[in-house]
Every structure is written in structure tokens, then in C-alpha cells.
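Visitor: The following block contains the structure, expressed as C-alpha cells.
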Amino acid sequence: MNHFIALFLAFLLTGQSTYFVASSQVAPLDNTPTIEVAEPVYADTIEQQDLLNYQPNEMGGVVVIMYHNLVETEAKEGAYARTPQNLKKDLTRLWQEGYVPVSIDDYVNGTIDIPIGKSPVVFTFDDGYQNNFQFLADGTLDPDCVIGVFEAFYEEHPDFVPKVTFYLNKSFFGDDEFTQKKIDFFNGQQNYTLGNHTIDHSNLRKISKDKVAAIIIEEGKLLESYTGQTTFHFAVPFGEKPKKYFEWLAEDNFLGKYKMLSSLNVGWNPAPSPYDKDFNKYSINRITCGEDDFELFYWLEILNNHPEKRYISDGNPTLVTVPQRYAEKLAEINSDLKLIVYDESGVINE
Ligand SMILES: [Zn+2]
């Protein structure tokens with residue numbers, strides 16, 4: 001393969017607008033064809049015209065949505081559930097308004113990698129309802145379960161790659177006859193992931209510290225039995241955090257060999273950027289689904305009317321791009337990220 005083709009393939013594979021170089025060739029051990037691995041190389045700055053056109057703001061708020069189950073009629077929806085049709089309506093609106101799904105992991109780690117001008121959205125589903133992930137009697141995916149709706153939407157919108165985390169209790173999507181097939185599914189892809197929501201959904205404020213640790217660890221064991229992983233993201237049952245929650249989490253051995261990577265609240269507004277001083281990975285607010293006040297559509301409207309409040313990507317995962325007026329809100333950022341602070345004329349402060 002010549003150099004030009006390698007470059008072109010690298011571009012196709014990553015879809016990035018920045019430039020690339022092909023790494024050195026890997027010598028074949030036998031008669032298999034030479035493999036070339038291309039690593040993306042990102043620009044170390046951003047064009048003034050892009051700053052003016054897209055107004056990237058990686059200090060803006062992030063939409064993290066909390067859903068629970070799917071229901072048959074709108075009358076049954078409330079703040080936690082959607083009909084399959086209305087879940088599709090949510091995805092459609094988010095896609096139309098420039099949102100791109102991002103995993104909870106990438107959000108928490110500040111490794112959001114989406115095109116310039118786009119905004120991240122994080123999808124979470126609590127309680128492991130059967131209709132989150134369900135197969136029909138013939139073994140095909142139920143098009144009206146959550147994964148079915150996301151997959152159908154993805155097929156029509158290839159730029160909306162599903163990134164969804166399901167926060168489970170003891171039940172694994174209803175524990176039906178397809179449990180093993182579902183476990184295999186989670187181990188065969190990276191778009192859908194499992195999170196911890198305690199084994200029994202107790203209110204953490206009403207039980208002892210030892211019991212809090214025990215019910216998180218119990219669920220951790222289950223998750224480990226499905227995926228082999230001992231780390232997990234966590235959703236607090238009812239959003240009720242005990243007074244000393246952060247203190248406990250800071251203890252080295254609180255969860256034994258298990259490690260909590262983030263902790264999600266219930267309600268009510270967009271969460272801070274992972275680069276914001278106010279960001280706390282153990283206290284991430286989620287917007288409830290729905291169309292009433294302080295629910296998803298309410299916040300999407302506000303973020304449309306106030307784009308300056310919204311996280312807008314610079315399209316380059318190695319840069320953190322921030323308008324001057326928000327620079328003072330910046331937390332200390334990871335040393336392999338480069339900070340770009342720009343003024344209203346698109347001039348970068350060196
Ligand atoms: Zn719950």
C-alpha cells in the first residue's frame with residue numbers, strides 16, 4: 001500500500017478533518033500481507049475562521065439524559081418513561097439540533113471526540129427493565145425495546161452512533177430466556193454498556209455505610225460476572241446521596257476491589273463540562289426525559305436560545321477550546337490536552 005492510500009484510508013477510518021500521517025510499516029511475521037496502522041495526528045491549534053464559524057465552547061453545559069422504561073401510551077409516560085415512538089422523537093430532535101451521543105466514560109474523562117460544532121449527549125437508562133433490551137420469541141431484537149429504537153435510528157442516521165449505559169439492579173433486563181444472548185451482546189460491542197445501580201435499589205440515606213458498600217459491591221459482582229470488569233459507572237437510587245457519600249468514596253478500600261468511575265444524580269439541569277471547576281464526577285446531574293418544565297425538551301429549548309450555555313466541540317480531541325469569557329471557570333486540565341482560549345474576534349490568546 002503506498003503512502004497516499006494509507007493516508008486516505010486513515011481519513012476514511014477516523015473521519016477526522018484534521019491531518020494524518022501513516023506510521024511506519026509493521027514487518028510481517030509470515031506471508032500475511034503487510035499491515036499499516038495509521039494513527040491520527042491532530043492539529044495543535046484551530047483556525048480563526050473555524051472559531052468564528054462554529055464558536056466552539058468546551059466549557060458549556062452537557063445534556064445527560066435519564067430514562068427508565070418504555071411504555072405503551074403517552075398517558076403512562078411521566079418524567080421517567082417514553083413510548084418507543086417518543087424515544088425516536090427525542091433522538092430525532094437531538095440529531096436535528098446537532099447533538100452526538102458520547103459515552104459516560106468519554107464525558108467523565110474529558111475525551112469527548114465529536115465533530116466541530118456538535119454537542120455531546122449522554123444517554124442513561126435506570127433499573128434494567130426488560131423493555132430496555134428484549135428479544136422476540138423468534139430471537140430477533142424487539143424493534144420496540146430501547147436498543148431496538150436506537151439501532152433503527154442509527155441505521156437511518158449513521159452519524160448518530162448509539163452510546164447508551166444501562167444502570168442495573170439485580171434484574172438483568174427481566175432475566176428472561178435470552179439472558180446469555182444479551183450478555184454475549186454486551187461483550188461483542190462497545191456502543192452499549194452496563195452500569196451499577198445497587199443490587200436492591202435501597203435508599204442509600206436510610207442504610208448504614210457498610211450496607212451502602214455491600215449493595216454496590218453485590219451489584220459489582222454481578223456486573224463482573226457478565227463482562228469481567230471490576231470498574232463501573234454508578235447511578236444513585238432515587239438520587240438520594242448520604243451526607244458522607246463523598247467522604248466514603250474517597251476512602252481507598254470502600255468498595256474493595258471494585259472501583260466507581262462516576263456517580264449520577266436524578267435531575268434537573270445540564271451538567272458542567274468535564275473541564276469546568278464545578279464538575280464533580282461523583283455528582284453528575286441528569287435531565288429527566290419528557291416535554292414538561294425542567295425536562296428534556298425544556299432544556300433543549302433553552303440551549304437553543306442560549307447557545308453560549310451549551311458545550312460546542314472544537315472537533316479536535318487533543319484541544320480544549322474555550323471563549324475568553326469562560327476561561328476563569330476552567331479546572332486544571334489533563335497535561336496531554338492543549339488549551340485554546342480565544343476572544344470575540346477569533347484571536348487566540350498565547
Ligand atoms: Zn432506579
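Chain labels run A, B, ... following the order of the C-alpha cells; each chain numbers its residues from 1, and ligands are numbered from 1 in the order shown.
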Taking only C-alpha atoms and all ligand atoms into account, which residues are within 9 Å of ligand 1, as JSON, numbers by chain?
Guide: {"A": [68, 125, 126, 127, 128, 167, 168, 169, 197, 198, 201, 235, 236, 237, 238, 239]}
Visitor: Using only C-alpha atoms, which residues of range 17-116 of chain A come within 7 Å of range 259-279 of chain A, and what is the closest atom pair for each, with the distance in Å to one decimal? Give it as a tab-separated table, sorted by chain and residue number.
Guide:
residue	atom	partner	partner_atom	distance
A:Glu58	CA	A:Ser273	CA	6.7
A:Met59	CA	A:Ser273	CA	5.2
A:Gly60	CA	A:Ser273	CA	5.9
A:Gly61	CA	A:Pro272	CA	4.9
A:Val62	CA	A:Ala271	CA	5.1
A:Val63	CA	A:Pro270	CA	5.0
A:Val64	CA	A:Pro270	CA	6.7
A:Tyr107	CA	A:Pro274	CA	6.7
A:Val108	CA	A:Pro274	CA	6.1
A:Gly110	CA	A:Pro274	CA	5.4
Visitor: Which residues come within 7 Å of Pro323 in chain A, counting only C-alpha atoms, excluding same-chain residues fewer than 3 positions away, as an MDAnalysis selection string?
Guide: chainID A and resid 57 326:327 341:343
Visitor: Restrict the selected residues to N, CA and C atoms and save them as a short mmCIF file (atom, residue, chain, number, x, y, z; two decimals), in the first residue's frame.
Guide:
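The resulting result10.cif:
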data_model
loop_
_atom_site.label_atom_id
_atom_site.label_comp_id
_atom_site.auth_asym_id
_atom_site.auth_seq_id
_atom_site.Cartn_x
_atom_site.Cartn_y
_atom_site.Cartn_z
N ASN A 57 -17.23 25.96 22.29
CA ASN A 57 -17.21 26.33 23.71
C ASN A 57 -17.21 25.05 24.54
N TYR A 326 -15.18 32.56 29.49
CA TYR A 326 -15.39 31.43 30.40
C TYR A 326 -14.08 30.88 30.96
N ALA A 327 -12.97 31.48 30.57
CA ALA A 327 -11.66 30.90 30.93
C ALA A 327 -11.48 30.79 32.44
N VAL A 341 -7.68 29.43 24.26
CA VAL A 341 -8.62 30.46 24.73
C VAL A 341 -8.67 31.53 23.66
N TYR A 342 -9.89 31.87 23.20
CA TYR A 342 -9.99 32.83 22.10
C TYR A 342 -10.99 33.94 22.42
N ASP A 343 -10.77 35.09 21.79
CA ASP A 343 -11.64 36.22 22.06
C ASP A 343 -12.74 36.34 21.00
#
Visitor: Would you list the contacts of Asp144 in chain A as a count of residues only, taking every protein, DNA or RNA residue within 7 Å and counting only C-alpha atoms, but skipping same-chain residues closer than 4 positions in sequence?
Guide: 3
Visitor: Find the residues near Ala79 in chain A: any atom within 10 Å, counting only C-alpha atoms, skip ones fewer than 6 places away on the same chain, and give them as a list in words.
Guide: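 Residues meeting the cut-off are Met66, Tyr67, His68, Ile287, Thr288, Cys289, Gly290, Glu291, Asp292, Phe294, Glu295 and Leu296 of chain A.
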Visitor: Those same residues, written as an mmCIF file, in the first residue's frame with N, CA and C atoms?
Guide:
data_model
loop_
_atom_site.group_PDB
_atom_site.id
_atom_site.type_symbol
_atom_site.label_atom_id
_atom_site.label_comp_id
_atom_site.auth_asym_id
_atom_site.auth_seq_id
_atom_site.Cartn_x
_atom_site.Cartn_y
_atom_site.Cartn_z
ATOM 1 N N MET A 66 -31.703 11.048 31.679
ATOM 2 C CA MET A 66 -32.107 9.866 32.445
ATOM 3 C C MET A 66 -33.459 9.350 31.955
ATOM 4 N N TYR A 67 -33.453 8.127 31.506
ATOM 5 C CA TYR A 67 -34.692 7.425 31.179
ATOM 6 C C TYR A 67 -34.814 6.226 32.118
ATOM 7 N N HIS A 68 -36.003 5.654 32.170
ATOM 8 C CA HIS A 68 -36.194 4.363 32.830
ATOM 9 C C HIS A 68 -36.733 3.365 31.799
ATOM 10 N N ILE A 287 -30.852 15.169 33.238
ATOM 11 C CA ILE A 287 -32.138 15.746 32.845
ATOM 12 C C ILE A 287 -33.119 14.596 32.654
ATOM 13 N N THR A 288 -34.304 14.730 33.239
ATOM 14 C CA THR A 288 -35.304 13.688 33.020
ATOM 15 C C THR A 288 -35.866 13.829 31.613
ATOM 16 N N CYS A 289 -36.282 12.706 31.031
ATOM 17 C CA CYS A 289 -36.861 12.759 29.698
ATOM 18 C C CYS A 289 -38.234 13.419 29.794
ATOM 19 N N GLY A 290 -38.783 13.796 28.666
ATOM 20 C CA GLY A 290 -40.117 14.370 28.693
ATOM 21 C C GLY A 290 -40.164 15.786 28.148
ATOM 22 N N GLU A 291 -41.351 16.335 28.101
ATOM 23 C CA GLU A 291 -41.573 17.599 27.405
ATOM 24 C C GLU A 291 -42.111 18.687 28.318
ATOM 25 N N ASP A 292 -42.149 18.441 29.651
ATOM 26 C CA ASP A 292 -42.654 19.448 30.586
ATOM 27 C C ASP A 292 -41.509 20.322 31.103
ATOM 28 N N PHE A 294 -38.516 21.809 32.971
ATOM 29 C CA PHE A 294 -37.286 21.224 33.522
ATOM 30 C C PHE A 294 -37.026 19.798 33.024
ATOM 31 N N GLU A 295 -37.743 19.378 32.005
ATOM 32 C CA GLU A 295 -37.450 18.092 31.378
ATOM 33 C C GLU A 295 -36.673 18.332 30.069
ATOM 34 N N LEU A 296 -36.423 17.252 29.355
ATOM 35 C CA LEU A 296 -35.517 17.332 28.205
ATOM 36 C C LEU A 296 -35.854 18.455 27.218
#
Visitor: Could you pull out the strand (DSSP E or B) residues of range 104-349 of chain A from DSSP and send them as a PDB file with C-alpha atoms, in the first residue's frame?
Guide:
ATOM      1  CA  SER A 119     -22.670  18.963  21.168  1.00  0.00           C
ATOM      2  CA  PRO A 120     -22.409  15.802  23.274  1.00  0.00           C
ATOM      3  CA  VAL A 121     -25.445  13.974  24.682  1.00  0.00           C
ATOM      4  CA  VAL A 122     -25.124  11.159  27.227  1.00  0.00           C
ATOM      5  CA  PHE A 123     -27.911   8.549  27.381  1.00  0.00           C
ATOM      6  CA  THR A 124     -28.632   6.652  30.612  1.00  0.00           C
ATOM      7  CA  PHE A 125     -31.381   4.150  31.462  1.00  0.00           C
ATOM      8  CA  ASP A 126     -32.010   3.032  35.054  1.00  0.00           C
ATOM      9  CA  PHE A 135     -35.657 -10.288  22.015  1.00  0.00           C
ATOM     10  CA  LEU A 141     -34.251  -7.901  18.510  1.00  0.00           C
ATOM     11  CA  VAL A 164     -26.006   4.207  25.955  1.00  0.00           C
ATOM     12  CA  THR A 165     -25.443   2.960  29.511  1.00  0.00           C
ATOM     13  CA  PHE A 166     -27.941   0.771  31.380  1.00  0.00           C
ATOM     14  CA  TYR A 167     -27.736   1.035  35.180  1.00  0.00           C
ATOM     15  CA  LEU A 168     -28.779  -2.320  36.581  1.00  0.00           C
ATOM     16  CA  TYR A 192     -23.997  -0.118  24.850  1.00  0.00           C
ATOM     17  CA  THR A 193     -22.550  -0.559  28.323  1.00  0.00           C
ATOM     18  CA  LEU A 194     -23.696  -1.639  31.770  1.00  0.00           C
ATOM     19  CA  GLY A 195     -23.612   0.452  34.939  1.00  0.00           C
ATOM     20  CA  ASN A 196     -24.244  -0.177  38.642  1.00  0.00           C
ATOM     21  CA  THR A 231     -14.909  -0.853  37.332  1.00  0.00           C
ATOM     22  CA  PHE A 232     -18.294   0.729  36.750  1.00  0.00           C
ATOM     23  CA  HIS A 233     -20.226   3.945  36.468  1.00  0.00           C
ATOM     24  CA  PHE A 234     -22.920   4.325  39.115  1.00  0.00           C
ATOM     25  CA  ALA A 235     -26.407   5.819  39.377  1.00  0.00           C
ATOM     26  CA  LYS A 259     -13.934   0.977  41.504  1.00  0.00           C
ATOM     27  CA  MET A 260     -16.666   3.521  40.918  1.00  0.00           C
ATOM     28  CA  LEU A 261     -15.825   5.738  37.948  1.00  0.00           C
ATOM     29  CA  SER A 262     -18.653   8.252  38.284  1.00  0.00           C
ATOM     30  CA  SER A 263     -21.914   8.775  40.129  1.00  0.00           C
ATOM     31  CA  LEU A 264     -25.133  10.118  38.646  1.00  0.00           C
ATOM     32  CA  GLY A 267     -32.470  15.810  37.881  1.00  0.00           C
ATOM     33  CA  ALA A 271     -24.227  19.017  33.788  1.00  0.00           C
ATOM     34  CA  ASP A 276     -15.295  23.103  34.467  1.00  0.00           C
ATOM     35  CA  ILE A 284     -23.462  14.474  37.812  1.00  0.00           C
ATOM     36  CA  ARG A 286     -29.209  14.266  34.741  1.00  0.00           C
ATOM     37  CA  ILE A 287     -32.138  15.746  32.845  1.00  0.00           C
ATOM     38  CA  THR A 288     -35.304  13.688  33.020  1.00  0.00           C
ATOM     39  CA  GLU A 295     -37.450  18.092  31.378  1.00  0.00           C
ATOM     40  CA  ARG A 310     -24.067  24.732  25.511  1.00  0.00           C
ATOM     41  CA  ILE A 312     -19.885  23.023  21.459  1.00  0.00           C
ATOM     42  CA  LEU A 319      -7.589  20.623  22.270  1.00  0.00           C
ATOM     43  CA  VAL A 320      -9.845  22.218  24.858  1.00  0.00           C
ATOM     44  CA  THR A 321     -11.264  25.322  23.201  1.00  0.00           C
ATOM     45  CA  VAL A 322     -12.861  27.963  25.366  1.00  0.00           C
ATOM     46  CA  PRO A 323     -14.106  31.511  24.742  1.00  0.00           C
ATOM     47  CA  LEU A 330     -11.580  26.264  33.882  1.00  0.00           C
ATOM     48  CA  LYS A 338      -3.834  21.764  24.961  1.00  0.00           C
ATOM     49  CA  LEU A 339      -5.898  24.739  25.984  1.00  0.00           C
ATOM     50  CA  ILE A 340      -7.074  27.257  23.366  1.00  0.00           C
ATOM     51  CA  VAL A 341      -8.618  30.457  24.733  1.00  0.00           C
ATOM     52  CA  TYR A 342      -9.991  32.834  22.101  1.00  0.00           C
ATOM     53  CA  ILE A 348      -6.197  33.056  20.272  1.00  0.00           C
TER      54      ILE A 348
END
Visitor: Which neighbours of Arg93 in chain A fall inside 12 Å, counting only C-alpha atoms, when residues of the same chain fewer than 2 positions from it are skipped, and could you give them as a VMD selection string?
Guide: chain A and resid 86 to 91 95 to 100 121 153 160 291 296 to 297 300 to 301 304
Visitor: Could those residues be written to a file, using C-alpha atoms, as an mmCIF file, in the first residue's frame?
Guide:
data_model
loop_
_atom_site.group_PDB
_atom_site.id
_atom_site.type_symbol
_atom_site.label_atom_id
_atom_site.label_comp_id
_atom_site.auth_asym_id
_atom_site.auth_seq_id
_atom_site.Cartn_x
_atom_site.Cartn_y
_atom_site.Cartn_z
ATOM 1 C CA ASN A 86 -41.432 9.311 21.539
ATOM 2 C CA LEU A 87 -37.963 7.909 22.236
ATOM 3 C CA LYS A 88 -37.458 8.069 18.481
ATOM 4 C CA LYS A 89 -38.834 11.619 18.549
ATOM 5 C CA ASP A 90 -36.200 12.522 21.194
ATOM 6 C CA LEU A 91 -33.390 11.027 19.106
ATOM 7 C CA TRP A 95 -29.870 14.725 15.945
ATOM 8 C CA GLN A 96 -31.509 17.664 14.173
ATOM 9 C CA GLU A 97 -30.185 20.067 16.789
ATOM 10 C CA GLY A 98 -26.581 18.947 16.448
ATOM 11 C CA TYR A 99 -26.176 16.520 19.332
ATOM 12 C CA VAL A 100 -23.928 13.458 19.047
ATOM 13 C CA VAL A 121 -25.445 13.974 24.682
ATOM 14 C CA PHE A 153 -32.347 5.242 14.261
ATOM 15 C CA PHE A 160 -25.580 9.108 15.359
ATOM 16 C CA GLU A 291 -41.573 17.599 27.405
ATOM 17 C CA LEU A 296 -35.517 17.332 28.205
ATOM 18 C CA PHE A 297 -37.412 19.485 25.708
ATOM 19 C CA LEU A 300 -33.114 21.802 24.624
ATOM 20 C CA GLU A 301 -35.153 24.946 24.010
ATOM 21 C CA ASN A 304 -31.104 26.602 21.505
#
Visitor: From a DSSP pass on the backbone, collect the residues of range 64-168 of chain A flagged as alpha helix (DSSP H) and hand them back as an NGL selection string.
Guide: :A and (84-96 or 104-109 or 146-156)
Visitor: May I ask which of the residues A:Glu240, A:Asp50, A:Glu224, A:Glu177 is the closest one to Val212 in chain A, counting only C-alpha atoms?
Guide: A:Glu240
Visitor: Within 12 Å of Lys243 in chain A, counting only C-alpha atoms, which residues show up once you throw out same-chain ones fewer than 3 positions away? Write them as a list in words, please.
Guide: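 Counting only the stated atoms, we get Leu204, Arg205, Lys206, Ile207, Ser208, Lys209, Glu240, Phe246, Glu247, Trp248 and Leu249 of chain A.
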Visitor: Pick from A:Gly78, A:Thr179, A:Lys118, A:Asn69: nearest to Tyr311 in chain A, with only C-alpha atoms counted?
Guide: A:Lys118
Visitor: Interatomic distance between CA of Thr318 in chain A and CA of Lys281 in chain A?
Guide: 20.5 Å
Visitor: When distances are computed from only C-alpha atoms, which of A:Gln324, A:Gln85, A:Thr111, A:Ser283 shows the smallest separation from Asp336 in chain A?
Guide: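 Ranking A:Gln324, A:Gln85, A:Thr111, A:Ser283 by distance to Asp336 in chain A, first place goes to A:Thr111.
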Visitor: To one decimal place, how far is CA of Phe185 in chain A from CA of Thr92 in chain A in Å?
Guide: 25.2 Å
